[in-house]
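Asker: Below is the file coords_23.txt, with compact mmCIF, C-alpha atoms.
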# COMPACT_ATOMS: atom_id res chain seq x y z
CA GLN A 1 177.29 126.36 -37.85
CA ALA A 2 173.68 125.15 -37.91
CA ALA A 3 173.87 123.48 -41.32
CA PHE A 4 177.23 121.91 -40.44
CA LEU A 5 176.04 120.50 -37.11
CA LEU A 6 172.81 119.15 -38.58
CA ALA A 7 174.68 117.55 -41.48
CA THR A 8 177.09 115.82 -39.11
CA GLY A 9 174.32 114.20 -37.06
CA LEU A 10 173.53 116.60 -34.23
CA LEU A 11 169.93 115.39 -34.05
CA ASP A 12 171.14 111.85 -33.39
CA ALA A 13 171.86 112.98 -29.82
CA CYS A 14 168.10 112.92 -29.11
CA ARG A 15 167.12 109.93 -31.16
CA ASP A 16 167.20 107.32 -28.38
CA VAL A 17 166.04 109.59 -25.56
CA ASP A 18 162.45 109.36 -24.29
CA PRO A 19 160.61 112.43 -25.67
CA ALA A 20 158.78 112.82 -22.34
CA SER A 21 161.99 112.90 -20.30
CA ARG A 22 163.76 115.88 -18.80
CA ARG A 23 166.93 114.84 -20.65
CA HIS A 24 165.13 115.19 -23.99
CA ALA A 25 163.98 118.69 -23.05
CA GLU A 26 167.54 119.64 -22.08
CA LEU A 27 169.00 118.26 -25.31
CA THR A 28 166.33 120.02 -27.36
CA ALA A 29 167.14 123.35 -25.70
CA GLN A 30 170.86 122.84 -26.33
CA ILE A 31 170.27 121.95 -29.98
CA LYS A 32 168.11 125.04 -30.43
CA ARG A 33 170.84 127.22 -28.92
CA LEU A 34 173.42 125.76 -31.28
CA THR A 35 171.30 125.97 -34.44
CA LEU A 36 168.77 128.81 -34.30
CA PRO A 37 169.76 131.96 -36.25
CA GLY A 38 169.06 134.21 -33.26
CA GLU A 39 171.36 132.12 -31.11
CA MET A 40 174.64 130.54 -32.28
CA GLY A 41 173.35 129.03 -35.53
CA GLU A 42 174.44 131.94 -37.71
CA ALA A 43 176.80 133.74 -35.33
CA ILE A 44 179.39 130.96 -35.29
CA LYS A 45 180.99 129.94 -38.58
CA VAL A 46 182.69 126.71 -39.61
CA LEU A 47 185.70 126.81 -41.91
CA ALA A 48 187.68 123.93 -43.37
CA LEU A 49 191.13 124.38 -44.84
CA ALA A 50 192.91 121.66 -46.79
CA ARG A 51 195.82 121.27 -49.13
CA ASP A 52 195.72 118.80 -52.03
CA PHE A 53 192.43 117.33 -50.83
CA ASP A 54 189.65 116.81 -53.34
CA GLY A 55 187.17 114.62 -51.44
CA PRO A 56 183.92 115.56 -49.75
CA LEU A 57 184.05 116.95 -46.22
CA ALA A 58 181.48 115.78 -43.68
CA GLY A 59 179.07 118.57 -42.86
CA PHE A 60 179.78 120.75 -45.87
CA ALA A 61 177.31 119.29 -48.36
CA GLY A 62 174.56 121.73 -47.32
CA ARG A 63 174.33 125.44 -47.88
CA ASP A 64 177.29 127.25 -49.42
CA LEU A 65 177.59 130.60 -47.66
CA ARG A 66 180.97 131.67 -49.03
CA GLY A 67 179.30 134.67 -50.65
CA ARG A 68 178.43 136.03 -47.21
CA LEU A 69 182.02 136.01 -45.94
Show me the file's structure as structure tokens.

Answerer:
Amino acid sequence: QAAFLLATGLLDACRDVDPASRRHAELTAQIKRLTLPGEMGEAIKVLALARDFDGPLAGFAGRDLRGRL
């Protein structure tokens, strides 16, 4: 999940938020929860299924973890 979310622009959620604001701290904590290995980053998997589709899929250009399935 972590590689997928980062590849699809998860960090853009914080880009325009003041780093000194409470909102930035909240977003940072949420991003950590979604991406850190000890949290949901490795516990939740992302799977894409397609038929007769040969193009690239957003978010799947990063690590290939099929061997761990």

Asker: Between CA of Thr8 in chain A and CA of Ala58 in chain A, what distance in Å does the model show, to one decimal?

Answerer: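 Computing it gives 6.3 Å between the two atoms.
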
Asker: Suppose you want the space between CA of Pro37 in chain A and CA of Leu11 in chain A; what is it in Å?

Answerer: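 If I compute the distance from CA of Pro37 in chain A to CA of Leu11 in chain A, I get 16.7 Å.
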
Asker: Measure the distance from CA of Glu39 in chain A to CA of Pro56 in chain A in Å and round it to one decimal.

Answerer: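 Taking CA of Glu39 in chain A and CA of Pro56 in chain A, their separation equals 27.9 Å.
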
Asker: Quick one: residues within 10 Å of range 24-36 of chain A, only C-alpha atoms, excluding same-chain residues fewer than 3 positions away - as a list of chain:residue names?

Answerer: A:Gln1, A:Ala2, A:Ala3, A:Phe4, A:Leu5, A:Leu6, A:Leu10, A:Leu11, A:Ala13, A:Cys14, A:Arg15, A:Asp16, A:Val17, A:Asp18, A:Pro19, A:Ala20, A:Ser21, A:Glu39, A:Met40, A:Gly41, A:Glu42, A:Ala43, A:Ile44

Asker: Box for range 30-41 of chain A - axis-aligned, 6 Å on each of the six sides, all listed atoms - centre and size in Å to one decimal, as lines of an AutoDock Vina configuration file.

Answerer:
center_x = 171.4
center_y = 128.1
center_z = -31.3
size_x = 18.5
size_y = 24.3
size_z = 21.9

Asker: Could you check the closest approach to Gly62 in chain A for each of A:Arg22, A:Ala7, A:Leu49, A:Asp12 and tell me which residue wins, using all atoms listed in the file?

Answerer: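 Smallest separation from Gly62 in chain A among the options: A:Ala7.
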
Asker: Could you add the missing atoms to range 21-48 of chain A, up to N, CA and C atoms, and return them as a CSV table (one decimal), in the coordinates of the input?

Answerer:
chain,number,residue,atom,x,y,z
A,21,SER,N,161.0,112.8,-21.4
A,21,SER,CA,162.0,112.9,-20.3
A,21,SER,C,162.6,114.3,-20.2
A,22,ARG,N,163.1,114.6,-19.0
A,22,ARG,CA,163.8,115.9,-18.8
A,22,ARG,C,165.0,116.0,-19.7
A,23,ARG,N,165.7,114.9,-19.8
A,23,ARG,CA,166.9,114.8,-20.6
A,23,ARG,C,166.6,115.3,-22.1
A,24,HIS,N,165.5,114.8,-22.6
A,24,HIS,CA,165.1,115.2,-24.0
A,24,HIS,C,164.9,116.7,-24.1
A,25,ALA,N,164.2,117.2,-23.1
A,25,ALA,CA,164.0,118.7,-23.0
A,25,ALA,C,165.3,119.5,-23.0
A,26,GLU,N,166.2,119.0,-22.2
A,26,GLU,CA,167.5,119.6,-22.1
A,26,GLU,C,168.3,119.6,-23.4
A,27,LEU,N,168.3,118.4,-24.0
A,27,LEU,CA,169.0,118.3,-25.3
A,27,LEU,C,168.4,119.1,-26.4
A,28,THR,N,167.0,119.2,-26.4
A,28,THR,CA,166.3,120.0,-27.4
A,28,THR,C,166.7,121.5,-27.2
A,29,ALA,N,166.8,122.0,-26.0
A,29,ALA,CA,167.1,123.4,-25.7
A,29,ALA,C,168.6,123.6,-26.2
A,30,GLN,N,169.5,122.7,-25.9
A,30,GLN,CA,170.9,122.8,-26.3
A,30,GLN,C,171.0,122.9,-27.9
A,31,ILE,N,170.2,122.0,-28.5
A,31,ILE,CA,170.3,122.0,-30.0
A,31,ILE,C,169.7,123.2,-30.6
A,32,LYS,N,168.7,123.8,-30.0
A,32,LYS,CA,168.1,125.0,-30.4
A,32,LYS,C,169.1,126.2,-30.3
A,33,ARG,N,169.8,126.2,-29.1
A,33,ARG,CA,170.8,127.2,-28.9
A,33,ARG,C,172.0,127.1,-30.0
A,34,LEU,N,172.3,125.9,-30.3
A,34,LEU,CA,173.4,125.8,-31.3
A,34,LEU,C,173.0,126.0,-32.7
A,35,THR,N,171.7,125.9,-33.0
A,35,THR,CA,171.3,126.0,-34.4
A,35,THR,C,170.4,127.1,-34.8
A,36,LEU,N,169.7,127.7,-33.9
A,36,LEU,CA,168.8,128.8,-34.3
A,36,LEU,C,169.5,130.1,-34.7
A,37,PRO,N,169.1,130.8,-35.8
A,37,PRO,CA,169.8,132.0,-36.2
A,37,PRO,C,169.9,133.0,-35.2
A,38,GLY,N,169.0,133.2,-34.3
A,38,GLY,CA,169.1,134.2,-33.3
A,38,GLY,C,170.0,133.8,-32.1
A,39,GLU,N,170.4,132.6,-32.1
A,39,GLU,CA,171.4,132.1,-31.1
A,39,GLU,C,172.7,132.0,-31.8
A,40,MET,N,173.3,130.8,-31.7
A,40,MET,CA,174.6,130.5,-32.3
A,40,MET,C,174.6,130.0,-33.7
A,41,GLY,N,173.5,129.7,-34.2
A,41,GLY,CA,173.4,129.0,-35.5
A,41,GLY,C,174.0,129.8,-36.7
A,42,GLU,N,173.9,131.1,-36.7
A,42,GLU,CA,174.4,131.9,-37.7
A,42,GLU,C,175.6,132.8,-37.2
A,43,ALA,N,175.7,132.9,-35.9
A,43,ALA,CA,176.8,133.7,-35.3
A,43,ALA,C,178.2,133.1,-35.4
A,44,ILE,N,178.2,131.7,-35.3
A,44,ILE,CA,179.4,131.0,-35.3
A,44,ILE,C,179.6,130.3,-36.7
A,45,LYS,N,180.7,130.5,-37.2
A,45,LYS,CA,181.0,129.9,-38.6
A,45,LYS,C,181.9,128.7,-38.5
A,46,VAL,N,181.8,127.9,-39.5
A,46,VAL,CA,182.7,126.7,-39.6
A,46,VAL,C,183.5,126.9,-40.9
A,47,LEU,N,184.8,126.7,-40.8
A,47,LEU,CA,185.7,126.8,-41.9
A,47,LEU,C,186.6,125.6,-42.0
A,48,ALA,N,186.8,125.1,-43.2
A,48,ALA,CA,187.7,123.9,-43.4
A,48,ALA,C,188.8,124.3,-44.3
